[in-house]
Amino acid sequence: MRRRPGLRGWLVLLATTGVLVLLGLGLAANHPSRGLDQAIAQGRRALAPSVRLPSLTTGRTYTLRAFRGRVVVLNLWASWCEPCRAEAPLLERWSRRIAARGGSVVGIDTFDTSSDARSFIRQLHLTYPMLRDPSGVVKARFGVTGFPESFVVDRAGRVAAVARGPVTDAFMRTTVLPLLGNRT
């Protein structure tokens, strides 16, 4: 003879289902978009999300659209991030190297205090444009999950490559230089 579940069994089942539904909703809401990664993996270049942020050093507002016609290495960082600190001198060298060929490095400081970010810039003698994203809007639009992460945006404003973690000289040579072409 088969026993039917009692009230206690139904309550356990209902509670378990509720927890699973909440867990699924939480994961869906907090899971970063990987649309850019998927497009690149499929050989496509998605249009870069729009960016409109103030400069950390001048107060001037920048948009990513203002860099159209240039190859941009968009680097998201934070002053408390040790890999960001280690990567910054490399980005400064490359910023100087690619400028004459139509390339730019643009830093975006995220989830940081302005004073700490400015101190980071001064200590490392960084000269490329540094923008401020205190609320993480750009982080969410680009699907950033950690720091540092960089996005290479081609001259048409499309994301050509993503570096999840610090960039290297090899990444810059093999990914950024070809996009710059022979332009002098």
# chains A, B, ... in the order shown; residues from 1 in each chain; ligands from 1
>>> residues_around(residues="A:Pro49", least_positions_apart="3", cutoff="12 Å", atoms="only C-alpha atoms", output="ChimeraX atom specification")
/A:33,35-36,45-46,52,63-65,74,137-143,151,153,157-159
>>> write_last_selection(atoms="N, CA, C and O atoms", output="PDB file, in the first residue's frame")
ATOM      1  N   SER A  33      26.573  39.519 -18.369  1.00  0.00           N
ATOM      2  CA  SER A  33      26.342  39.235 -19.777  1.00  0.00           C
ATOM      3  C   SER A  33      27.657  38.808 -20.416  1.00  0.00           C
ATOM      4  O   SER A  33      28.679  39.438 -20.239  1.00  0.00           O
ATOM      5  N   GLY A  35      27.681  38.303 -23.745  1.00  0.00           N
ATOM      6  CA  GLY A  35      27.376  38.483 -25.156  1.00  0.00           C
ATOM      7  C   GLY A  35      28.587  38.895 -25.974  1.00  0.00           C
ATOM      8  O   GLY A  35      28.748  38.453 -27.109  1.00  0.00           O
ATOM      9  N   LEU A  36      29.453  39.755 -25.412  1.00  0.00           N
ATOM     10  CA  LEU A  36      30.652  40.175 -26.136  1.00  0.00           C
ATOM     11  C   LEU A  36      31.584  38.998 -26.353  1.00  0.00           C
ATOM     12  O   LEU A  36      32.116  38.811 -27.446  1.00  0.00           O
ATOM     13  N   ARG A  45      31.949  40.919 -34.267  1.00  0.00           N
ATOM     14  CA  ARG A  45      32.283  42.041 -33.396  1.00  0.00           C
ATOM     15  C   ARG A  45      31.002  42.798 -33.072  1.00  0.00           C
ATOM     16  O   ARG A  45      30.406  43.414 -33.946  1.00  0.00           O
ATOM     17  N   ALA A  46      30.621  42.744 -31.805  1.00  0.00           N
ATOM     18  CA  ALA A  46      29.425  43.452 -31.355  1.00  0.00           C
ATOM     19  C   ALA A  46      29.761  44.917 -31.120  1.00  0.00           C
ATOM     20  O   ALA A  46      30.887  45.256 -30.744  1.00  0.00           O
ATOM     21  N   ARG A  52      29.596  57.011 -21.080  1.00  0.00           N
ATOM     22  CA  ARG A  52      29.620  58.471 -20.862  1.00  0.00           C
ATOM     23  C   ARG A  52      29.990  58.679 -19.406  1.00  0.00           C
ATOM     24  O   ARG A  52      29.159  58.491 -18.516  1.00  0.00           O
ATOM     25  N   THR A  63      32.921  60.260 -23.892  1.00  0.00           N
ATOM     26  CA  THR A  63      32.080  59.180 -24.395  1.00  0.00           C
ATOM     27  C   THR A  63      32.981  58.255 -25.203  1.00  0.00           C
ATOM     28  O   THR A  63      34.002  58.697 -25.754  1.00  0.00           O
ATOM     29  N   LEU A  64      32.619  57.009 -25.264  1.00  0.00           N
ATOM     30  CA  LEU A  64      33.369  56.075 -26.092  1.00  0.00           C
ATOM     31  C   LEU A  64      33.234  56.458 -27.564  1.00  0.00           C
ATOM     32  O   LEU A  64      34.170  56.328 -28.339  1.00  0.00           O
ATOM     33  N   ARG A  65      32.095  56.987 -27.908  1.00  0.00           N
ATOM     34  CA  ARG A  65      31.844  57.423 -29.294  1.00  0.00           C
ATOM     35  C   ARG A  65      32.852  58.484 -29.736  1.00  0.00           C
ATOM     36  O   ARG A  65      33.239  58.546 -30.907  1.00  0.00           O
ATOM     37  N   LEU A  74      40.115  49.654 -23.691  1.00  0.00           N
ATOM     38  CA  LEU A  74      39.311  50.129 -22.568  1.00  0.00           C
ATOM     39  C   LEU A  74      39.599  49.216 -21.379  1.00  0.00           C
ATOM     40  O   LEU A  74      39.265  48.032 -21.407  1.00  0.00           O
ATOM     41  N   VAL A 137      28.244  51.124 -13.657  1.00  0.00           N
ATOM     42  CA  VAL A 137      27.356  51.036 -14.820  1.00  0.00           C
ATOM     43  C   VAL A 137      28.079  50.404 -16.003  1.00  0.00           C
ATOM     44  O   VAL A 137      27.559  49.499 -16.660  1.00  0.00           O
ATOM     45  N   VAL A 138      29.302  50.863 -16.278  1.00  0.00           N
ATOM     46  CA  VAL A 138      30.061  50.327 -17.410  1.00  0.00           C
ATOM     47  C   VAL A 138      30.445  48.872 -17.140  1.00  0.00           C
ATOM     48  O   VAL A 138      30.399  48.033 -18.035  1.00  0.00           O
ATOM     49  N   LYS A 139      30.789  48.589 -15.903  1.00  0.00           N
ATOM     50  CA  LYS A 139      31.117  47.210 -15.503  1.00  0.00           C
ATOM     51  C   LYS A 139      29.963  46.278 -15.874  1.00  0.00           C
ATOM     52  O   LYS A 139      30.175  45.217 -16.459  1.00  0.00           O
ATOM     53  N   ALA A 140      28.747  46.675 -15.563  1.00  0.00           N
ATOM     54  CA  ALA A 140      27.577  45.856 -15.878  1.00  0.00           C
ATOM     55  C   ALA A 140      27.345  45.753 -17.381  1.00  0.00           C
ATOM     56  O   ALA A 140      27.076  44.667 -17.901  1.00  0.00           O
ATOM     57  N   ARG A 141      27.475  46.848 -18.098  1.00  0.00           N
ATOM     58  CA  ARG A 141      27.229  46.847 -19.552  1.00  0.00           C
ATOM     59  C   ARG A 141      28.211  45.954 -20.306  1.00  0.00           C
ATOM     60  O   ARG A 141      27.864  45.366 -21.313  1.00  0.00           O
ATOM     61  N   PHE A 142      29.452  45.899 -19.817  1.00  0.00           N
ATOM     62  CA  PHE A 142      30.464  45.089 -20.486  1.00  0.00           C
ATOM     63  C   PHE A 142      30.558  43.674 -19.917  1.00  0.00           C
ATOM     64  O   PHE A 142      31.324  42.861 -20.411  1.00  0.00           O
ATOM     65  N   GLY A 143      29.810  43.360 -18.870  1.00  0.00           N
ATOM     66  CA  GLY A 143      29.831  42.016 -18.294  1.00  0.00           C
ATOM     67  C   GLY A 143      31.107  41.714 -17.522  1.00  0.00           C
ATOM     68  O   GLY A 143      31.559  40.576 -17.482  1.00  0.00           O
ATOM     69  N   PHE A 151      38.904  45.669 -22.872  1.00  0.00           N
ATOM     70  CA  PHE A 151      38.138  45.461 -24.091  1.00  0.00           C
ATOM     71  C   PHE A 151      38.802  46.255 -25.203  1.00  0.00           C
ATOM     72  O   PHE A 151      39.041  47.452 -25.051  1.00  0.00           O
ATOM     73  N   VAL A 153      38.441  47.916 -28.633  1.00  0.00           N
ATOM     74  CA  VAL A 153      37.372  48.431 -29.481  1.00  0.00           C
ATOM     75  C   VAL A 153      38.002  48.918 -30.787  1.00  0.00           C
ATOM     76  O   VAL A 153      38.947  49.715 -30.773  1.00  0.00           O
ATOM     77  N   GLY A 157      34.020  51.147 -33.551  1.00  0.00           N
ATOM     78  CA  GLY A 157      33.285  51.105 -32.290  1.00  0.00           C
ATOM     79  C   GLY A 157      32.776  49.722 -31.909  1.00  0.00           C
ATOM     80  O   GLY A 157      31.874  49.594 -31.090  1.00  0.00           O
ATOM     81  N   ARG A 158      33.389  48.679 -32.493  1.00  0.00           N
ATOM     82  CA  ARG A 158      32.977  47.304 -32.189  1.00  0.00           C
ATOM     83  C   ARG A 158      34.048  46.625 -31.338  1.00  0.00           C
ATOM     84  O   ARG A 158      35.247  46.874 -31.514  1.00  0.00           O
ATOM     85  N   VAL A 159      33.605  45.749 -30.444  1.00  0.00           N
ATOM     86  CA  VAL A 159      34.540  45.049 -29.565  1.00  0.00           C
ATOM     87  C   VAL A 159      35.208  43.920 -30.346  1.00  0.00           C
ATOM     88  O   VAL A 159      34.541  42.998 -30.816  1.00  0.00           O
TER      89      VAL A 159
END
>>> select_by_dssp(residues="stretch 81-159 of chain A", states="strand (DSSP E or B)", output="compact mmCIF listing (two decimals) with N, CA, C and O atoms, in the first residue's frame")
# COMPACT_ATOMS: atom_id res chain seq x y z
N GLY A 103 45.78 54.78 -31.91
CA GLY A 103 45.33 53.96 -30.80
C GLY A 103 45.30 54.74 -29.50
O GLY A 103 46.02 55.72 -29.34
N SER A 104 44.43 54.32 -28.59
CA SER A 104 44.32 54.96 -27.28
C SER A 104 44.09 53.89 -26.22
O SER A 104 43.41 52.90 -26.47
N VAL A 105 44.65 54.14 -25.06
CA VAL A 105 44.29 53.37 -23.87
C VAL A 105 43.43 54.30 -23.03
O VAL A 105 43.75 55.47 -22.86
N VAL A 106 42.31 53.79 -22.55
CA VAL A 106 41.41 54.56 -21.70
C VAL A 106 41.13 53.71 -20.47
O VAL A 106 40.68 52.57 -20.58
N GLY A 107 41.43 54.26 -19.30
CA GLY A 107 41.17 53.56 -18.05
C GLY A 107 39.83 53.96 -17.49
O GLY A 107 39.42 55.12 -17.60
N ILE A 108 39.15 53.00 -16.87
CA ILE A 108 37.89 53.29 -16.18
C ILE A 108 38.01 52.73 -14.76
O ILE A 108 38.04 51.52 -14.55
N ASP A 109 38.08 53.65 -13.81
CA ASP A 109 38.15 53.29 -12.39
C ASP A 109 36.74 53.00 -11.90
O ASP A 109 35.83 53.81 -12.09
N THR A 110 36.57 51.86 -11.26
CA THR A 110 35.25 51.41 -10.85
C THR A 110 35.24 51.02 -9.38
O THR A 110 36.20 50.44 -8.88
N MET A 130 41.74 58.79 -17.88
CA MET A 130 41.18 57.98 -16.79
C MET A 130 39.79 58.49 -16.47
O MET A 130 39.61 59.66 -16.13
N LEU A 131 38.82 57.61 -16.58
CA LEU A 131 37.43 57.96 -16.32
C LEU A 131 36.98 57.34 -15.01
O LEU A 131 37.59 56.40 -14.50
N ARG A 132 35.88 57.84 -14.48
CA ARG A 132 35.37 57.39 -13.19
C ARG A 132 33.98 56.79 -13.36
O ARG A 132 33.09 57.43 -13.90
N ASP A 133 33.81 55.56 -12.87
CA ASP A 133 32.52 54.86 -12.90
C ASP A 133 32.23 54.34 -11.49
O ASP A 133 32.38 53.16 -11.21
N GLU A 149 39.98 44.03 -16.28
CA GLU A 149 39.48 43.47 -17.52
C GLU A 149 39.59 44.55 -18.59
O GLU A 149 39.39 45.72 -18.29
N SER A 150 39.95 44.14 -19.81
CA SER A 150 40.13 45.10 -20.90
C SER A 150 39.35 44.66 -22.13
O SER A 150 39.20 43.47 -22.40
N PHE A 151 38.90 45.67 -22.87
CA PHE A 151 38.14 45.46 -24.09
C PHE A 151 38.80 46.26 -25.20
O PHE A 151 39.04 47.45 -25.05
N VAL A 152 39.11 45.59 -26.30
CA VAL A 152 39.72 46.26 -27.44
C VAL A 152 38.59 46.62 -28.40
O VAL A 152 37.87 45.74 -28.87
N VAL A 153 38.44 47.92 -28.63
CA VAL A 153 37.37 48.43 -29.48
C VAL A 153 38.00 48.92 -30.79
O VAL A 153 38.95 49.72 -30.77
N ARG A 158 33.39 48.68 -32.49
CA ARG A 158 32.98 47.30 -32.19
C ARG A 158 34.05 46.62 -31.34
O ARG A 158 35.25 46.87 -31.51
N VAL A 159 33.61 45.75 -30.44
CA VAL A 159 34.54 45.05 -29.57
C VAL A 159 35.21 43.92 -30.35
O VAL A 159 34.54 43.00 -30.82
>>> residues_around(residues="stretch 89-99 of chain A", least_positions_apart="3", cutoff="10 Å", atoms="only C-alpha atoms", output="PyMOL selection string")
chain A and resi 70-73+75+84-86+102-107+124-129+166-169+172-173+176-177+180+184
>>> select_by_dssp(residues="chain A", states="alpha helix (DSSP H)", output="PyMOL selection string")
chain A and resi 7-30+35-41+82-99+114-124+137-142+169-171+177-180
>>> residues_around(residues="A:Asp112", least_positions_apart="6", cutoff="8 Å", atoms="only C-alpha atoms", output="PyMOL selection string")
chain A and resi 78-80+134
>>> write_last_selection(atoms="C-alpha atoms", output="short mmCIF file (atom, residue, chain, number, x, y, z; two decimals), in the first residue's frame")
data_model
loop_
_atom_site.label_atom_id
_atom_site.label_comp_id
_atom_site.auth_asym_id
_atom_site.auth_seq_id
_atom_site.Cartn_x
_atom_site.Cartn_y
_atom_site.Cartn_z
CA ALA A 78 40.41 49.77 -9.22
CA SER A 79 43.15 51.20 -7.00
CA TRP A 80 42.82 48.37 -4.46
CA PRO A 134 31.69 54.83 -9.17
#
>>> atom_distance(atom1="atom CA of A:Ile40", atom2="atom CA of A:Val162")
8.3 Å
>>> atom_distance(atom1="atom CA of A:Ser135", atom2="atom CA of A:Phe111")
6.3 Å
